[in-house]
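Source file: entry.cif (mmCIF, C-alpha atoms (C1' of nucleotides))
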```cif
data_target
#
loop_
_atom_site.label_atom_id
_atom_site.label_comp_id
_atom_site.auth_asym_id
_atom_site.auth_seq_id
_atom_site.Cartn_x
_atom_site.Cartn_y
_atom_site.Cartn_z
CA MET N 115 -32.23 -16.04 8.21
CA ALA N 116 -30.54 -13.17 10.02
CA ARG N 117 -27.13 -12.09 8.91
CA ARG N 118 -24.21 -12.86 11.15
CA GLN N 119 -23.81 -10.04 13.65
CA PRO N 120 -20.51 -8.35 14.52
CA GLU N 121 -18.85 -9.87 17.57
CA ARG N 122 -19.18 -6.57 19.41
CA PRO N 123 -21.98 -4.06 18.99
CA ALA N 124 -21.24 -1.75 16.07
CA THR N 125 -22.22 1.28 18.13
CA ALA N 126 -19.55 0.56 20.75
CA ASN N 127 -16.85 0.32 18.13
CA ALA N 128 -18.19 3.42 16.42
CA ALA N 129 -17.83 5.44 19.61
CA THR N 130 -14.26 4.21 19.99
CA ILE N 131 -13.50 5.10 16.37
CA ARG N 132 -14.72 8.62 17.00
CA GLY N 133 -12.80 8.82 20.27
CA ILE N 134 -9.54 7.81 18.60
CA TYR N 135 -9.95 10.64 16.13
CA GLU N 136 -10.41 13.23 18.86
CA CYS N 137 -7.45 11.83 20.75
CA LEU N 138 -5.10 11.86 17.76
CA LEU N 139 -6.21 15.31 16.67
CA ALA N 140 -5.50 16.62 20.16
CA ALA N 141 -2.08 14.94 20.18
CA TYR N 142 -0.88 15.82 16.68
CA GLY N 143 -3.06 18.67 15.40
CA PRO N 144 -4.28 18.99 11.81
CA GLN N 145 -2.00 17.30 9.26
CA HIS N 146 -3.21 19.12 6.13
CA TRP N 147 -2.69 16.22 3.75
CA TRP N 148 -1.97 15.16 0.98
CA PRO N 149 1.64 16.42 0.70
CA ALA N 150 1.39 17.51 -2.95
CA ASP N 151 0.93 20.79 -4.84
CA THR N 152 -1.57 19.56 -7.44
CA PRO N 153 -4.09 16.73 -7.90
CA THR N 154 -1.85 15.21 -10.56
CA GLU N 155 1.14 15.21 -8.23
CA MET N 156 -1.10 13.64 -5.59
CA VAL N 157 -2.05 10.78 -7.89
CA ILE N 158 1.56 10.19 -8.85
CA GLY N 159 2.56 10.11 -5.19
CA ALA N 160 -0.23 7.67 -4.36
CA ILE N 161 1.04 5.20 -6.94
CA LEU N 162 4.70 5.69 -6.08
CA THR N 163 4.18 5.17 -2.35
CA GLN N 164 2.70 1.68 -2.74
CA ASN N 165 4.65 -0.45 -0.26
CA THR N 166 7.36 2.21 -0.19
CA ALA N 167 8.74 4.66 2.36
CA TRP N 168 7.64 8.23 1.62
CA THR N 169 11.22 9.55 1.75
CA ASN N 170 11.98 7.47 -1.34
CA VAL N 171 8.88 8.79 -3.06
CA GLU N 172 10.02 12.36 -2.41
CA ARG N 173 13.23 11.73 -4.35
CA ALA N 174 11.28 10.34 -7.26
CA ILE N 175 8.86 13.29 -7.24
CA GLN N 176 11.79 15.69 -7.21
CA ASN N 177 13.25 13.95 -10.25
CA LEU N 178 9.92 14.22 -12.03
CA ARG N 179 9.66 17.89 -11.08
CA GLN N 180 13.11 18.69 -12.43
CA ALA N 181 12.27 16.85 -15.64
CA GLY N 182 9.00 18.76 -15.94
CA CYS N 183 7.03 15.53 -15.67
CA LEU N 184 4.46 16.38 -13.02
CA THR N 185 1.60 16.85 -15.47
CA LEU N 186 -0.32 14.05 -17.12
CA ALA N 187 0.45 15.48 -20.55
CA ALA N 188 4.19 15.47 -19.84
CA LEU N 189 4.06 11.98 -18.36
CA ARG N 190 2.23 10.81 -21.43
CA ARG N 191 5.02 11.83 -23.78
CA THR N 192 7.80 10.47 -21.56
CA PRO N 193 9.12 7.09 -22.77
CA ASP N 194 8.91 4.13 -20.40
CA GLU N 195 12.67 3.88 -19.94
CA LYS N 196 13.05 7.55 -19.04
CA LEU N 197 10.05 7.44 -16.72
CA ALA N 198 11.39 4.35 -14.96
CA ARG N 199 14.76 6.04 -14.51
CA LEU N 200 13.19 9.17 -13.01
CA ILE N 201 11.14 7.24 -10.45
CA GLN N 202 13.86 4.71 -9.69
CA PRO N 203 14.41 5.87 -6.06
CA SER N 204 10.85 4.88 -5.19
CA GLY N 205 11.58 1.21 -5.86
CA THR N 206 9.65 -1.31 -8.02
CA TYR N 207 10.14 1.33 -10.71
CA ARG N 208 9.33 -0.76 -13.76
CA VAL N 209 6.05 -1.82 -12.19
CA LYS N 210 5.23 1.74 -11.16
CA ALA N 211 6.14 3.19 -14.55
CA ALA N 212 3.60 0.83 -16.10
CA ARG N 213 0.99 1.82 -13.50
CA LEU N 214 1.50 5.53 -14.11
CA ARG N 215 1.21 4.80 -17.82
CA ALA N 216 -2.03 2.88 -17.35
CA PHE N 217 -3.52 5.74 -15.32
CA VAL N 218 -2.54 8.42 -17.84
CA GLU N 219 -3.83 6.41 -20.77
CA HIS N 220 -7.13 5.83 -18.99
CA VAL N 221 -7.61 9.55 -18.43
CA TRP N 222 -6.80 10.22 -22.07
CA GLY N 223 -8.84 7.40 -23.44
CA HIS N 224 -12.01 8.05 -21.46
CA PHE N 225 -11.87 11.68 -20.26
CA ASP N 226 -9.98 13.55 -22.92
CA GLY N 227 -7.02 14.10 -20.60
CA SER N 228 -9.07 15.71 -17.81
CA LEU N 229 -8.29 14.33 -14.36
CA ASP N 230 -11.02 16.52 -12.94
CA ALA N 231 -13.60 14.95 -15.24
CA MET N 232 -12.46 11.44 -14.43
CA LEU N 233 -12.81 12.13 -10.68
CA THR N 234 -16.26 13.67 -11.04
CA GLY N 235 -19.41 11.64 -10.35
CA GLU N 236 -20.99 9.50 -7.68
CA LEU N 237 -18.47 8.07 -5.23
CA GLY N 238 -19.21 4.42 -5.98
CA VAL N 239 -19.02 5.00 -9.70
CA VAL N 240 -15.70 6.82 -9.57
CA ARG N 241 -14.31 4.22 -7.16
CA ARG N 242 -15.13 1.33 -9.49
CA ARG N 243 -13.68 3.37 -12.34
CA LEU N 244 -10.38 3.73 -10.47
CA LEU N 245 -10.29 0.08 -9.41
CA GLY N 246 -10.62 -0.89 -13.06
CA ILE N 247 -7.25 0.70 -13.86
CA HIS N 248 -4.29 -1.66 -13.73
CA GLY N 249 -2.21 -0.91 -10.64
CA ILE N 250 -4.95 0.89 -8.71
CA GLY N 251 -6.09 -1.21 -5.74
CA PRO N 252 -8.48 -0.25 -2.95
CA GLU N 253 -6.07 1.87 -0.91
CA THR N 254 -4.72 3.82 -3.86
CA ALA N 255 -8.25 4.32 -5.18
CA ASP N 256 -9.48 5.67 -1.85
CA CYS N 257 -6.45 7.97 -1.56
CA ILE N 258 -7.16 9.42 -4.97
CA LEU N 259 -10.89 9.72 -4.27
CA LEU N 260 -10.28 11.51 -0.98
CA TYR N 261 -7.20 13.62 -1.56
CA ALA N 262 -7.52 14.44 -5.26
CA GLY N 263 -11.28 14.13 -5.74
CA GLY N 264 -12.59 15.42 -2.42
CA HIS N 265 -14.86 12.37 -2.05
CA PRO N 266 -15.63 11.02 1.45
CA SER N 267 -13.92 7.66 0.92
CA PHE N 268 -11.96 6.44 3.93
CA VAL N 269 -8.41 5.21 3.31
CA VAL N 270 -7.34 1.99 5.04
CA ASP N 271 -3.62 1.30 5.13
CA ALA N 272 -1.23 -0.98 6.99
CA TYR N 273 -1.09 1.41 9.96
CA THR N 274 -4.87 1.53 10.19
CA LYS N 275 -5.09 -2.26 10.29
CA ARG N 276 -2.30 -2.57 12.87
CA ILE N 277 -3.77 0.08 15.16
CA LEU N 278 -7.33 -1.26 15.00
CA ARG N 279 -6.14 -4.81 15.53
CA ARG N 280 -3.94 -3.79 18.43
CA HIS N 281 -6.94 -2.24 20.13
CA PHE N 282 -9.27 -5.15 19.38
CA LEU N 283 -11.53 -3.14 17.08
CA ILE N 284 -11.23 -5.59 14.19
CA ALA N 285 -10.56 -9.28 13.79
CA PRO N 286 -7.02 -10.16 12.67
CA THR N 287 -8.49 -11.45 9.42
CA ALA N 288 -10.63 -8.39 8.65
CA GLY N 289 -10.53 -7.42 5.00
CA TYR N 290 -10.12 -4.00 3.43
CA ASP N 291 -13.76 -3.20 2.76
CA GLU N 292 -14.81 -4.42 6.17
CA ILE N 293 -12.41 -2.01 7.87
CA ARG N 294 -13.42 0.84 5.59
CA ASP N 295 -17.08 0.17 6.37
CA LEU N 296 -16.31 0.48 10.07
CA PHE N 297 -15.13 4.08 9.59
CA HIS N 298 -17.98 4.91 7.24
CA ALA N 299 -20.47 3.64 9.82
CA ALA N 300 -18.86 5.57 12.68
CA LEU N 301 -18.30 8.95 11.01
CA THR N 302 -20.36 11.43 9.05
CA PRO N 303 -19.05 11.33 5.47
CA ASP N 304 -17.05 14.53 5.71
CA PRO N 305 -14.00 14.65 3.40
CA VAL N 306 -12.22 17.01 5.80
CA VAL N 307 -12.56 14.56 8.70
CA PHE N 308 -11.64 11.53 6.54
CA ASN N 309 -8.63 13.46 5.28
CA GLU N 310 -7.35 14.30 8.74
CA TYR N 311 -8.17 10.94 10.26
CA HIS N 312 -6.15 8.91 7.79
CA ALA N 313 -3.24 11.34 8.01
CA LEU N 314 -3.34 11.16 11.81
CA LEU N 315 -3.30 7.36 11.74
CA VAL N 316 -0.18 7.49 9.58
CA ALA N 317 1.40 10.01 11.96
CA VAL N 318 0.78 7.89 15.06
CA GLY N 319 1.68 4.76 13.14
CA LYS N 320 5.06 6.12 12.14
CA ASP N 321 5.76 7.19 15.71
CA HIS N 322 4.49 4.15 17.60
CA CYS N 323 3.18 1.33 15.48
CA ARG N 324 5.68 0.20 12.89
CA ALA N 325 5.82 -3.53 12.24
CA LYS N 326 8.19 -4.53 15.00
CA ALA N 327 7.81 -1.58 17.31
CA VAL N 328 6.06 -1.60 20.66
CA CYS N 329 3.75 1.28 21.46
CA GLU N 330 5.35 3.34 24.19
CA ASP N 331 3.98 6.72 25.16
CA CYS N 332 1.41 6.29 22.42
CA PRO N 333 -1.52 8.73 22.51
CA LEU N 334 -3.80 5.68 22.33
CA GLU N 335 -2.17 3.83 25.18
CA HIS N 336 -5.17 4.44 27.45
CA LEU N 337 -7.21 2.09 25.23
CA PRO N 338 -7.16 -1.66 25.79
CA HIS N 339 -4.36 -3.16 23.71
CA ASP N 340 -2.32 -6.32 23.29
CA GLU N 341 1.39 -6.89 24.08
"C1'" DT S 224 22.96 -7.68 7.86
"C1'" DG S 225 18.36 -8.22 7.34
"C1'" DC S 226 13.92 -6.31 7.68
"C1'" DC S 227 10.81 -2.78 6.60
"C1'" DA S 228 8.01 0.85 4.06
"C1'" DG S 229 1.25 4.96 3.57
"C1'" DG S 230 0.28 -2.23 -2.17
"C1'" DC S 231 -0.95 -4.64 -6.10
"C1'" DC S 232 -0.95 -8.28 -9.51
"C1'" DG S 233 -0.94 -13.01 -11.31
"C1'" DG S 234 -0.77 -17.78 -10.80
"C1'" DG S 235 -1.69 -21.55 -7.95
"C1'" DT S 236 -4.69 -24.07 -4.64
"C1'" DA P 190 -12.27 -17.22 -2.06
"C1'" DC P 191 -7.66 -17.06 -0.04
"C1'" DC P 192 -2.40 -17.59 -0.31
"C1'" DC P 193 2.07 -16.46 -1.93
"C1'" DG P 194 6.05 -14.81 -4.61
"C1'" DG P 195 7.64 -10.92 -7.23
"C1'" DC P 196 8.61 -6.22 -7.66
"C1'" DA P 197 13.27 -2.91 -5.75
"C1'" DT P 198 14.84 1.26 -3.51
"C1'" DG P 199 16.94 3.71 0.71
"C1'" DG P 200 16.98 3.79 6.07
"C1'" DC P 201 17.80 1.98 10.29
#
```
Show me, as structure tokens, the structure contained in the file I just sent.
Amino acid sequence: MARRQPERPATANAATIRGIYECLLAAYGPQHWWPADTPTEMVIGAILTQNTAWTNVERAIQNLRQAGCLTLAALRRTPDEKLARLIQPSGTYRVKAARLRAFVEHVWGHFDGSLDAMLTGELGVVRRRLLGIHGIGPETADCILLYAGGHPSFVVDAYTKRILRRHFLIAPTAGYDEIRDLFHAALTPDPVVFNEYHALLVAVGKDHCRAKAVCEDCPLEHLPHDE
DNA sequence: TGCCAGGCCGGGT
DNA sequence: ACCCGGCATGGC
């Protein structure tokens, strides 16, 4: 029994996926993500930005910086209440304090406090490792893999889904892994390209594709789209 | 004023 | 396997 085929040929979508990258790169230029000074700061930002505007995350990161809490060792010795207070501007701060705690304790418990060691290994292995940590879902895991670990793991976020759906490249019900697979099938697994592509999707998303915004003067407007 | 933001978890079908 | 409420701040 043959597996169910995609509704459109994968190669056609793959060409469009590659075309969107070229188009966005031409429109916005390289984004040089992630906006963080160190891998540890990157991981912290990835957790703090879950369902949260980045401007709020920046306040929280600044608080952590002033408190000297941007290393895993410093985070580890910061009590829950103090940590929650420092990250308060990022919202859902009790939840996020627990998630930062879970991450730090995992690195200590399994990798002797070395983030580098915990991000080293085969992509699939490290990904499952991250997903096993409480508070690390697929998007956060892929962000950490790509932007802290240098692994070619494509990041799918709300903007990615909206943009692909708007241009009929995925079904409205497409799941996370399905969308990620689409990019992996269309692109050579180059961390530099994956890095830029996700950042570019966020850039165009913020400009043109927020939840209740209509795309006007969007760099992708030449593509077929709804509404 | 209400809705939204670079999600994820846990409990219920 | 989905579906939904909860988490919570600052901006528009």
Result set of the PyMOL selection byres ((chain N and resi 163-166) around 7) on the coordinates above, as a PyMOL selection string: (chain N and resi 159-162+167-168+171+204) or (chain S and resi 228-230)
Residue neighbourhood DA197 (chain P), 9 Å, all atoms listed in the file, exclusion window fewer than 5 positions, as a PyMOL selection string: chain N and resi 202-207
Who sits within 9 Å of DC231 (chain S), all atoms listed in the file, same chain under 6 positions skipped, as a list in words: Gln164, His248, Gly249, Ile250 and Gly251 of chain N
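Note on the selection: in this file the PyMOL selection byres ((chain S and resi 226) around 12) comes out as Arg324, Ala325 and Lys326 of chain N; DT224, DG225, DC227 and DA228 of chain S; DG200 and DC201 of chain P.
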Take the PyMOL selection byres ((chain P and resi 191) around 12), run it mentally on this structure, and tell me the resulting residues as number ranges by chain. N: 287, 289; S: 235-236; P: 190, 192-193
Generate the output file for the selected residues, C-alpha atoms (C1' of nucleotides), as an mmCIF file, in the coordinates of the input.
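Heads up, here's the output in selection28.cif:
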```cif
data_model
loop_
_atom_site.group_PDB
_atom_site.id
_atom_site.type_symbol
_atom_site.label_atom_id
_atom_site.label_comp_id
_atom_site.auth_asym_id
_atom_site.auth_seq_id
_atom_site.Cartn_x
_atom_site.Cartn_y
_atom_site.Cartn_z
ATOM 1 C CA THR N 287 -8.490 -11.450 9.420
ATOM 2 C CA GLY N 289 -10.530 -7.420 5.000
ATOM 3 C "C1'" DG S 235 -1.690 -21.550 -7.950
ATOM 4 C "C1'" DT S 236 -4.690 -24.070 -4.640
ATOM 5 C "C1'" DA P 190 -12.270 -17.220 -2.060
ATOM 6 C "C1'" DC P 192 -2.400 -17.590 -0.310
ATOM 7 C "C1'" DC P 193 2.070 -16.460 -1.930
#
```
Could you put an axis-aligned box around every listed atom of region 155-158 of chain N, padded by 5 Å on each side, and send me its centre and edge lengths in Å to one decimal, as lines of an AutoDock Vina configuration file?
```
center_x = -0.2
center_y = 12.7
center_z = -7.2
size_x = 13.6
size_y = 15.0
size_z = 13.3
```
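Proximity of N:Cys183, N:Leu139, N:Ala198, N:Ala231 to chain P, computed with all atoms listed in the file, is greatest for N:Ala198.
Of the residues listed (N:Ala313, N:Gly264, N:Cys257, N:Thr154), N:Thr154 shows the shortest atom-to-atom separation from Gly227 (chain N); distances use all atoms listed in the file.
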Name the residues in contact with DG194 (chain P) at a cut-off of 10 Å, using all atoms listed in the file, excluding same-chain residues fewer than 2 positions from it; report them as a ChimeraX atom specification. /S:233-234 /P:192,196
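Between Asp340 (chain N) and the candidates N:Lys210, N:Arg199, N:Arg243, N:His281, the tightest atom-to-atom separation, counting only C-alpha atoms, involves N:His281.
Put simply, CA of Ala288 (chain N) is 20.9 Å away from CA of Gly133 (chain N).
When CA of Arg132 (chain N) is paired with CA of Ser267 (chain N), their separation reads 16.1 Å.
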Would you mind putting back N, CA and C atoms on region 208-238 of chain N, then writing it out as a PDB file, in the frame of the given file?
```pdb
ATOM      1  N   ARG N 208       9.911  -0.328 -12.485  1.00  0.00           N
ATOM      2  CA  ARG N 208       9.330  -0.760 -13.760  1.00  0.00           C
ATOM      3  C   ARG N 208       7.828  -0.988 -13.607  1.00  0.00           C
ATOM      4  N   VAL N 209       7.468  -1.602 -12.490  1.00  0.00           N
ATOM      5  CA  VAL N 209       6.050  -1.820 -12.190  1.00  0.00           C
ATOM      6  C   VAL N 209       5.314  -0.484 -12.107  1.00  0.00           C
ATOM      7  N   LYS N 210       5.903   0.461 -11.382  1.00  0.00           N
ATOM      8  CA  LYS N 210       5.230   1.740 -11.160  1.00  0.00           C
ATOM      9  C   LYS N 210       5.174   2.580 -12.428  1.00  0.00           C
ATOM     10  N   ALA N 211       6.181   2.473 -13.263  1.00  0.00           N
ATOM     11  CA  ALA N 211       6.140   3.190 -14.550  1.00  0.00           C
ATOM     12  C   ALA N 211       4.942   2.697 -15.362  1.00  0.00           C
ATOM     13  N   ALA N 212       4.741   1.392 -15.363  1.00  0.00           N
ATOM     14  CA  ALA N 212       3.600   0.830 -16.100  1.00  0.00           C
ATOM     15  C   ALA N 212       2.272   1.280 -15.486  1.00  0.00           C
ATOM     16  N   ARG N 213       2.235   1.408 -14.164  1.00  0.00           N
ATOM     17  CA  ARG N 213       0.990   1.820 -13.500  1.00  0.00           C
ATOM     18  C   ARG N 213       0.686   3.291 -13.764  1.00  0.00           C
ATOM     19  N   LEU N 214       1.718   4.123 -13.745  1.00  0.00           N
ATOM     20  CA  LEU N 214       1.500   5.530 -14.110  1.00  0.00           C
ATOM     21  C   LEU N 214       1.006   5.607 -15.542  1.00  0.00           C
ATOM     22  N   ARG N 215       1.610   4.829 -16.405  1.00  0.00           N
ATOM     23  CA  ARG N 215       1.210   4.800 -17.820  1.00  0.00           C
ATOM     24  C   ARG N 215      -0.262   4.403 -17.955  1.00  0.00           C
ATOM     25  N   ALA N 216      -0.644   3.363 -17.256  1.00  0.00           N
ATOM     26  CA  ALA N 216      -2.030   2.880 -17.350  1.00  0.00           C
ATOM     27  C   ALA N 216      -3.006   3.964 -16.891  1.00  0.00           C
ATOM     28  N   PHE N 217      -2.637   4.677 -15.826  1.00  0.00           N
ATOM     29  CA  PHE N 217      -3.520   5.740 -15.320  1.00  0.00           C
ATOM     30  C   PHE N 217      -3.657   6.855 -16.347  1.00  0.00           C
ATOM     31  N   VAL N 218      -2.522   7.316 -16.870  1.00  0.00           N
ATOM     32  CA  VAL N 218      -2.540   8.420 -17.840  1.00  0.00           C
ATOM     33  C   VAL N 218      -3.345   8.023 -19.072  1.00  0.00           C
ATOM     34  N   GLU N 219      -3.127   6.837 -19.555  1.00  0.00           N
ATOM     35  CA  GLU N 219      -3.830   6.410 -20.770  1.00  0.00           C
ATOM     36  C   GLU N 219      -5.337   6.280 -20.518  1.00  0.00           C
ATOM     37  N   HIS N 220      -5.705   5.895 -19.315  1.00  0.00           N
ATOM     38  CA  HIS N 220      -7.130   5.830 -18.990  1.00  0.00           C
ATOM     39  C   HIS N 220      -7.756   7.215 -19.044  1.00  0.00           C
ATOM     40  N   VAL N 221      -7.084   8.188 -18.444  1.00  0.00           N
ATOM     41  CA  VAL N 221      -7.610   9.550 -18.430  1.00  0.00           C
ATOM     42  C   VAL N 221      -7.712  10.088 -19.851  1.00  0.00           C
ATOM     43  N   TRP N 222      -6.741   9.766 -20.688  1.00  0.00           N
ATOM     44  CA  TRP N 222      -6.800  10.220 -22.070  1.00  0.00           C
ATOM     45  C   TRP N 222      -7.878   9.489 -22.860  1.00  0.00           C
ATOM     46  N   GLY N 223      -7.917   8.203 -22.646  1.00  0.00           N
ATOM     47  CA  GLY N 223      -8.840   7.400 -23.440  1.00  0.00           C
ATOM     48  C   GLY N 223     -10.299   7.651 -23.134  1.00  0.00           C
ATOM     49  N   HIS N 224     -10.612   7.950 -21.866  1.00  0.00           N
ATOM     50  CA  HIS N 224     -12.010   8.050 -21.460  1.00  0.00           C
ATOM     51  C   HIS N 224     -12.449   9.459 -21.070  1.00  0.00           C
ATOM     52  N   PHE N 225     -11.497  10.345 -20.759  1.00  0.00           N
ATOM     53  CA  PHE N 225     -11.870  11.680 -20.260  1.00  0.00           C
ATOM     54  C   PHE N 225     -11.092  12.798 -20.925  1.00  0.00           C
ATOM     55  N   ASP N 226     -10.617  12.520 -22.112  1.00  0.00           N
ATOM     56  CA  ASP N 226      -9.980  13.550 -22.920  1.00  0.00           C
ATOM     57  C   ASP N 226      -8.858  14.266 -22.164  1.00  0.00           C
ATOM     58  N   GLY N 227      -8.162  13.524 -21.304  1.00  0.00           N
ATOM     59  CA  GLY N 227      -7.020  14.100 -20.600  1.00  0.00           C
ATOM     60  C   GLY N 227      -7.380  14.888 -19.360  1.00  0.00           C
ATOM     61  N   SER N 228      -8.661  14.915 -18.975  1.00  0.00           N
ATOM     62  CA  SER N 228      -9.070  15.710 -17.810  1.00  0.00           C
ATOM     63  C   SER N 228      -9.180  14.853 -16.557  1.00  0.00           C
ATOM     64  N   LEU N 229      -8.232  15.039 -15.636  1.00  0.00           N
ATOM     65  CA  LEU N 229      -8.290  14.330 -14.360  1.00  0.00           C
ATOM     66  C   LEU N 229      -9.527  14.736 -13.578  1.00  0.00           C
ATOM     67  N   ASP N 230      -9.846  16.021 -13.647  1.00  0.00           N
ATOM     68  CA  ASP N 230     -11.020  16.520 -12.940  1.00  0.00           C
ATOM     69  C   ASP N 230     -12.288  15.805 -13.398  1.00  0.00           C
ATOM     70  N   ALA N 231     -12.423  15.638 -14.700  1.00  0.00           N
ATOM     71  CA  ALA N 231     -13.600  14.950 -15.240  1.00  0.00           C
ATOM     72  C   ALA N 231     -13.631  13.495 -14.798  1.00  0.00           C
ATOM     73  N   MET N 232     -12.469  12.870 -14.785  1.00  0.00           N
ATOM     74  CA  MET N 232     -12.460  11.440 -14.430  1.00  0.00           C
ATOM     75  C   MET N 232     -12.741  11.223 -12.950  1.00  0.00           C
ATOM     76  N   LEU N 233     -12.527  12.255 -12.114  1.00  0.00           N
ATOM     77  CA  LEU N 233     -12.810  12.130 -10.680  1.00  0.00           C
ATOM     78  C   LEU N 233     -14.192  12.650 -10.312  1.00  0.00           C
ATOM     79  N   THR N 234     -14.938  13.113 -11.295  1.00  0.00           N
ATOM     80  CA  THR N 234     -16.260  13.670 -11.040  1.00  0.00           C
ATOM     81  C   THR N 234     -17.332  12.595 -11.200  1.00  0.00           C
ATOM     82  N   GLY N 235     -18.319  12.607 -10.277  1.00  0.00           N
ATOM     83  CA  GLY N 235     -19.410  11.640 -10.350  1.00  0.00           C
ATOM     84  C   GLY N 235     -19.702  11.070  -8.985  1.00  0.00           C
ATOM     85  N   GLU N 236     -20.622  10.132  -8.949  1.00  0.00           N
ATOM     86  CA  GLU N 236     -20.990   9.500  -7.680  1.00  0.00           C
ATOM     87  C   GLU N 236     -19.817   8.677  -7.172  1.00  0.00           C
ATOM     88  N   LEU N 237     -19.625   8.719  -5.854  1.00  0.00           N
ATOM     89  CA  LEU N 237     -18.470   8.070  -5.230  1.00  0.00           C
ATOM     90  C   LEU N 237     -18.277   6.626  -5.693  1.00  0.00           C
ATOM     91  N   GLY N 238     -19.329   5.832  -5.616  1.00  0.00           N
ATOM     92  CA  GLY N 238     -19.210   4.420  -5.980  1.00  0.00           C
ATOM     93  C   GLY N 238     -18.813   4.232  -7.439  1.00  0.00           C
TER      94      GLY N 238
END
```
